[in-house]
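Have a look at the structure below, then the notes.
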Amino acid sequence: MTVQENLIYVQQEVEKACQRVNRSLDEITLVAVTKTVGIEKTTDVLQAGLVHLGENRNEGFLQKYEHFGNKATWHFIGSLQTRKVKEIVNEIDYLHSLDRLSLAKEIQKRATKSIRCFVQVKTSEEESKQGIAIDETIEFIHNLQQLDKIEVVGLMTMAPYTDDEMQIRSCFQMLRKLQKQVQDLKLSYAPCTELSMGMSNDYTIAIEEGATFIRLGTILVGKE
Ligand SMILES: *Cc1c(COP(=O)(O)O)cnc(C)c1O
């Protein structure tokens, strides 16, 4: 299957999910996760009309950034080591994985402009999942107040990899509830209007639960 063909399928599914919950298509930004593919496949992604690209490692991001530059809007979705912040922070457009204060402080030190960040929240017990605990998120966001290079545009989570739809849905519901709470604080540096949630196996559920950014890899680009 080509990226173009995969995209047609995904768009239909996105549209159906939107219709089920009365949402408008233009509320949803599709981030194409190109972390597993090379320049050639990424070119197909851009040619299919997708401009939001997601990468999770510095090396992969920089390779593609050097090649495509400002033809894409760049989302860094992986865990970011503090010492590697300086390599990428001024090239990316969004960071989806702000998960600790030391990272925020390093961004503050290295960024030459304000960086749009999602605070990554751990909504499941799965060991491998990173992020801030739900009951520590508000305090964490309060602690970002002095860091004027950090703009909290929203929250991000990864649901567990499971067939149990209710378990996935409940993670997304928790994230949305928390997002509303942060939004209601009306902090100038944390508008928190966005929800980054949903991957290849759960994006339709995420849309039903309010996602505004979905991050799709395998279902679009396959595996290389
Ligand atoms: C890899 C990755 C994705 C995309 O995963 P797929 O299941 O291939 O769609 C989304 N978000 C994050 C944080 C990832 O690391």
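Starting from 1 in every chain, residues are counted up; chains themselves are A, B, ... following the order of the structure tokens, and ligands are numbered from 1 as listed.
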Could you give me, as CSV, a per-residue list for chain A showing, wherever an atom lies at most 10 Å from an atom of ligand 1, the closest pair of atoms and their distance in Å to one decimal, using only C-alpha atoms and all ligand atoms and sorting by chain then residue number from low to high?
```
residue,atom,partner,partner_atom_place_in_ligand_line,distance
A:Val31,CA,ligand 1,10 (C),8.6
A:Ala32,CA,ligand 1,4 (C),8.0
A:Val33,CA,ligand 1,4 (C),5.5
A:Thr34,CA,ligand 1,1 (C),8.3
A:Lys35,CA,ligand 1,1 (C),6.8
A:Thr36,CA,ligand 1,1 (C),8.0
A:Gly54,CA,ligand 1,10 (C),7.9
A:Glu55,CA,ligand 1,15 (O),7.8
A:Asn56,CA,ligand 1,15 (O),6.0
A:Arg57,CA,ligand 1,15 (O),9.3
A:Phe76,CA,ligand 1,13 (C),8.6
A:Ile77,CA,ligand 1,13 (C),4.8
A:Gly78,CA,ligand 1,13 (C),5.5
A:Ser79,CA,ligand 1,13 (C),8.1
A:His96,CA,ligand 1,13 (C),7.6
A:Ser97,CA,ligand 1,13 (C),7.8
A:Gln120,CA,ligand 1,13 (C),9.5
A:Lys129,CA,ligand 1,13 (C),9.5
A:Gln130,CA,ligand 1,13 (C),9.6
A:Met156,CA,ligand 1,13 (C),8.7
A:Thr157,CA,ligand 1,13 (C),8.0
A:Met158,CA,ligand 1,13 (C),6.7
A:Ala159,CA,ligand 1,11 (N),9.8
A:Tyr161,CA,ligand 1,7 (O),9.1
A:Ser196,CA,ligand 1,11 (N),8.9
A:Met197,CA,ligand 1,11 (N),7.9
A:Gly198,CA,ligand 1,10 (C),7.3
A:Met199,CA,ligand 1,9 (O),4.2
A:Ser200,CA,ligand 1,9 (O),3.6
A:Asn201,CA,ligand 1,7 (O),6.1
A:Asp202,CA,ligand 1,7 (O),8.4
A:Tyr203,CA,ligand 1,9 (O),8.5
A:Ile214,CA,ligand 1,10 (C),7.9
A:Arg215,CA,ligand 1,10 (C),4.6
A:Leu216,CA,ligand 1,9 (O),3.8
A:Gly217,CA,ligand 1,8 (O),3.5
A:Thr218,CA,ligand 1,8 (O),3.7
A:Ile219,CA,ligand 1,9 (O),6.0
A:Leu220,CA,ligand 1,9 (O),7.7
A:Val221,CA,ligand 1,8 (O),8.3
A:Gly222,CA,ligand 1,8 (O),7.9
A:Lys223,CA,ligand 1,8 (O),8.3
```
Filtered DSSP result for range 2-224 of chain A, state strand (DSSP E or B), as a PyMOL selection string
chain A and resi 29-33+52-55+73-76+94-98+115-122+132-133+150-156+187+190+194-196+213-216
Identify which of the residues A:Ala17, A:Leu187, A:Val51, A:Ala104 lies closest to Leu30 in chain A, counting only C-alpha atoms when measuring atom-to-atom distances.
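Looking at the shortest contact to Leu30 in chain A, the residue is A:Val51.
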Residue contacts of Gly210 in chain A (8 Å, only C-alpha atoms) excluding same-chain residues fewer than 3 positions away, as an MDAnalysis selection string
chainID A and resid 176 195 206:207
Exercise: range 63-75 of chain A partners within 7 Å, only C-alpha atoms, chain neighbours under 5 positions left out, as a VMD selection string:
chain A and resid 39 51 to 55 92 to 95
Go ahead and save the residues from that selection, with N, CA and C atoms, as a CSV table (one decimal), in the first residue's frame.
```
chain,number,residue,atom,x,y,z
A,39,ILE,N,14.2,8.9,4.0
A,39,ILE,CA,13.9,10.1,3.3
A,39,ILE,C,12.9,9.8,2.2
A,51,VAL,N,1.9,17.6,6.2
A,51,VAL,CA,3.0,18.5,6.5
A,51,VAL,C,3.5,18.4,7.9
A,52,HIS,N,2.7,17.8,8.8
A,52,HIS,CA,3.2,17.6,10.2
A,52,HIS,C,3.9,16.3,10.3
A,53,LEU,N,5.2,16.4,10.6
A,53,LEU,CA,6.0,15.2,10.7
A,53,LEU,C,6.4,15.0,12.2
A,54,GLY,N,6.4,13.7,12.7
A,54,GLY,CA,6.8,13.4,14.0
A,54,GLY,C,8.0,12.5,14.0
A,55,GLU,N,9.0,12.8,14.8
A,55,GLU,CA,10.2,12.0,15.0
A,55,GLU,C,10.5,11.9,16.5
A,92,ILE,N,12.7,22.5,16.1
A,92,ILE,CA,11.4,21.8,16.2
A,92,ILE,C,10.3,22.9,16.4
A,93,ASP,N,9.1,22.5,16.0
A,93,ASP,CA,7.9,23.4,16.1
A,93,ASP,C,7.1,23.0,17.4
A,94,TYR,N,7.1,21.7,17.7
A,94,TYR,CA,6.3,21.2,18.9
A,94,TYR,C,7.1,20.1,19.6
A,95,LEU,N,7.1,20.2,20.9
A,95,LEU,CA,7.6,19.1,21.7
A,95,LEU,C,6.5,18.4,22.4
```
Write out as a ChimeraX atom specification which residues come within 12 Å of range 99-103 of chain A when counting only C-alpha atoms, dropping same-chain ones fewer than 5 positions away.
/A:77-86,89,108-111,117-122,129-134,136-137,139-147,149-150,152,155-157
Residues of range 160-195 of chain A in helix (DSSP H, G or I) according to DSSP, as a ChimeraX atom specification?
/A:165-184
Using only N, CA and C atoms, please write the residues we just selected to a file, as a PDB file, in the first residue's frame.
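Produced file result-v4.pdb, reproduced below:
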```pdb
ATOM      1  N   GLU A 165     -10.656  -1.920  24.914  1.00  0.00           N
ATOM      2  CA  GLU A 165     -11.025  -0.569  24.491  1.00  0.00           C
ATOM      3  C   GLU A 165     -11.375   0.348  25.664  1.00  0.00           C
ATOM      4  N   MET A 166     -12.015  -0.232  26.673  1.00  0.00           N
ATOM      5  CA  MET A 166     -12.411   0.592  27.813  1.00  0.00           C
ATOM      6  C   MET A 166     -11.201   1.150  28.560  1.00  0.00           C
ATOM      7  N   GLN A 167     -10.165   0.337  28.615  1.00  0.00           N
ATOM      8  CA  GLN A 167      -8.944   0.768  29.291  1.00  0.00           C
ATOM      9  C   GLN A 167      -8.291   1.935  28.529  1.00  0.00           C
ATOM     10  N   ILE A 168      -8.266   1.826  27.216  1.00  0.00           N
ATOM     11  CA  ILE A 168      -7.714   2.894  26.381  1.00  0.00           C
ATOM     12  C   ILE A 168      -8.548   4.162  26.539  1.00  0.00           C
ATOM     13  N   ARG A 169      -9.854   3.967  26.428  1.00  0.00           N
ATOM     14  CA  ARG A 169     -10.773   5.103  26.510  1.00  0.00           C
ATOM     15  C   ARG A 169     -10.628   5.834  27.849  1.00  0.00           C
ATOM     16  N   SER A 170     -10.459   5.064  28.882  1.00  0.00           N
ATOM     17  CA  SER A 170     -10.375   5.699  30.201  1.00  0.00           C
ATOM     18  C   SER A 170      -9.085   6.531  30.335  1.00  0.00           C
ATOM     19  N   CYS A 171      -7.997   6.098  29.718  1.00  0.00           N
ATOM     20  CA  CYS A 171      -6.770   6.921  29.700  1.00  0.00           C
ATOM     21  C   CYS A 171      -7.032   8.255  28.998  1.00  0.00           C
ATOM     22  N   PHE A 172      -7.684   8.188  27.867  1.00  0.00           N
ATOM     23  CA  PHE A 172      -7.949   9.407  27.107  1.00  0.00           C
ATOM     24  C   PHE A 172      -8.910  10.331  27.868  1.00  0.00           C
ATOM     25  N   GLN A 173      -9.874   9.721  28.535  1.00  0.00           N
ATOM     26  CA  GLN A 173     -10.836  10.533  29.309  1.00  0.00           C
ATOM     27  C   GLN A 173     -10.148  11.249  30.468  1.00  0.00           C
ATOM     28  N   MET A 174      -9.219  10.545  31.098  1.00  0.00           N
ATOM     29  CA  MET A 174      -8.487  11.177  32.208  1.00  0.00           C
ATOM     30  C   MET A 174      -7.669  12.356  31.700  1.00  0.00           C
ATOM     31  N   LEU A 175      -7.067  12.176  30.534  1.00  0.00           N
ATOM     32  CA  LEU A 175      -6.229  13.245  29.993  1.00  0.00           C
ATOM     33  C   LEU A 175      -7.080  14.469  29.661  1.00  0.00           C
ATOM     34  N   ARG A 176      -8.254  14.225  29.096  1.00  0.00           N
ATOM     35  CA  ARG A 176      -9.115  15.332  28.714  1.00  0.00           C
ATOM     36  C   ARG A 176      -9.611  16.109  29.947  1.00  0.00           C
ATOM     37  N   LYS A 177      -9.943  15.355  30.970  1.00  0.00           N
ATOM     38  CA  LYS A 177     -10.411  15.983  32.205  1.00  0.00           C
ATOM     39  C   LYS A 177      -9.317  16.891  32.784  1.00  0.00           C
ATOM     40  N   LEU A 178      -8.108  16.363  32.764  1.00  0.00           N
ATOM     41  CA  LEU A 178      -6.963  17.116  33.270  1.00  0.00           C
ATOM     42  C   LEU A 178      -6.688  18.349  32.399  1.00  0.00           C
ATOM     43  N   GLN A 179      -6.816  18.183  31.112  1.00  0.00           N
ATOM     44  CA  GLN A 179      -6.603  19.306  30.180  1.00  0.00           C
ATOM     45  C   GLN A 179      -7.585  20.439  30.486  1.00  0.00           C
ATOM     46  N   LYS A 180      -8.827  20.085  30.741  1.00  0.00           N
ATOM     47  CA  LYS A 180      -9.836  21.097  31.061  1.00  0.00           C
ATOM     48  C   LYS A 180      -9.471  21.815  32.357  1.00  0.00           C
ATOM     49  N   GLN A 181      -8.985  21.041  33.331  1.00  0.00           N
ATOM     50  CA  GLN A 181      -8.609  21.651  34.613  1.00  0.00           C
ATOM     51  C   GLN A 181      -7.485  22.668  34.420  1.00  0.00           C
ATOM     52  N   VAL A 182      -6.505  22.301  33.617  1.00  0.00           N
ATOM     53  CA  VAL A 182      -5.386  23.221  33.382  1.00  0.00           C
ATOM     54  C   VAL A 182      -5.883  24.450  32.622  1.00  0.00           C
ATOM     55  N   GLN A 183      -6.686  24.209  31.616  1.00  0.00           N
ATOM     56  CA  GLN A 183      -7.231  25.307  30.814  1.00  0.00           C
ATOM     57  C   GLN A 183      -7.993  26.298  31.704  1.00  0.00           C
ATOM     58  N   ASP A 184      -8.740  25.762  32.649  1.00  0.00           N
ATOM     59  CA  ASP A 184      -9.543  26.603  33.545  1.00  0.00           C
ATOM     60  C   ASP A 184      -8.693  27.450  34.488  1.00  0.00           C
TER      61      ASP A 184
END
```
Skip range 23-28 of chain A itself and residues of its chain fewer than 4 positions away, then list as a list in words all residues within 8 Å of it, counting only C-alpha atoms.
Val14, Glu15, Cys18, Gln19, Ala211, Thr212, Phe213 and Ile214 of chain A
Keeping N, CA, C and O atoms for every residue in the selection just given, could you write it to a file as an mmCIF file, in the first residue's frame?
```
data_model
loop_
_atom_site.group_PDB
_atom_site.id
_atom_site.type_symbol
_atom_site.label_atom_id
_atom_site.label_comp_id
_atom_site.auth_asym_id
_atom_site.auth_seq_id
_atom_site.Cartn_x
_atom_site.Cartn_y
_atom_site.Cartn_z
ATOM 1 N N VAL A 14 -11.118 8.777 10.222
ATOM 2 C CA VAL A 14 -11.132 10.009 11.027
ATOM 3 C C VAL A 14 -12.484 10.706 10.863
ATOM 4 O O VAL A 14 -13.094 11.148 11.840
ATOM 5 N N GLU A 15 -12.928 10.742 9.626
ATOM 6 C CA GLU A 15 -14.197 11.402 9.348
ATOM 7 C C GLU A 15 -15.358 10.700 10.057
ATOM 8 O O GLU A 15 -16.214 11.342 10.666
ATOM 9 N N CYS A 18 -15.257 11.415 13.737
ATOM 10 C CA CYS A 18 -15.745 12.779 13.978
ATOM 11 C C CYS A 18 -17.275 12.821 13.944
ATOM 12 O O CYS A 18 -17.910 13.426 14.800
ATOM 13 N N GLN A 19 -17.836 12.148 12.955
ATOM 14 C CA GLN A 19 -19.296 12.158 12.820
ATOM 15 C C GLN A 19 -19.970 11.519 14.026
ATOM 16 O O GLN A 19 -21.000 11.994 14.499
ATOM 17 N N ALA A 211 -9.289 14.128 21.072
ATOM 18 C CA ALA A 211 -7.939 14.414 20.555
ATOM 19 C C ALA A 211 -7.959 15.550 19.537
ATOM 20 O O ALA A 211 -8.869 15.639 18.713
ATOM 21 N N THR A 212 -6.955 16.406 19.592
ATOM 22 C CA THR A 212 -6.800 17.426 18.547
ATOM 23 C C THR A 212 -5.538 17.183 17.716
ATOM 24 O O THR A 212 -5.416 17.699 16.614
ATOM 25 N N PHE A 213 -4.598 16.417 18.259
ATOM 26 C CA PHE A 213 -3.434 15.967 17.488
ATOM 27 C C PHE A 213 -3.380 14.446 17.601
ATOM 28 O O PHE A 213 -3.334 13.921 18.715
ATOM 29 N N ILE A 214 -3.403 13.756 16.458
ATOM 30 C CA ILE A 214 -3.208 12.305 16.489
ATOM 31 C C ILE A 214 -1.859 12.016 15.837
ATOM 32 O O ILE A 214 -1.446 12.706 14.910
#
```
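Closest approach to Val3 in chain A from the set A:Ser124, A:Asn22, A:Thr29, A:Thr42 is made by A:Thr42, with distances taken over only C-alpha atoms.
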Would you compute the distance between CA of Gln47 in chain A and CA of Leu62 in chain A? Give it in Å to one decimal.
19.9 Å
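If you look at CA of Glu194 in chain A and CA of Glu151 in chain A, they are 11.9 Å away from each other.
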Quick one: of A:Ser114, A:Gln12, A:Thr2, A:Ser128, who's nearest to Tyr189 in chain A, counting only C-alpha atoms?
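Closest to Tyr189 in chain A, using only C-alpha atoms: A:Ser114.
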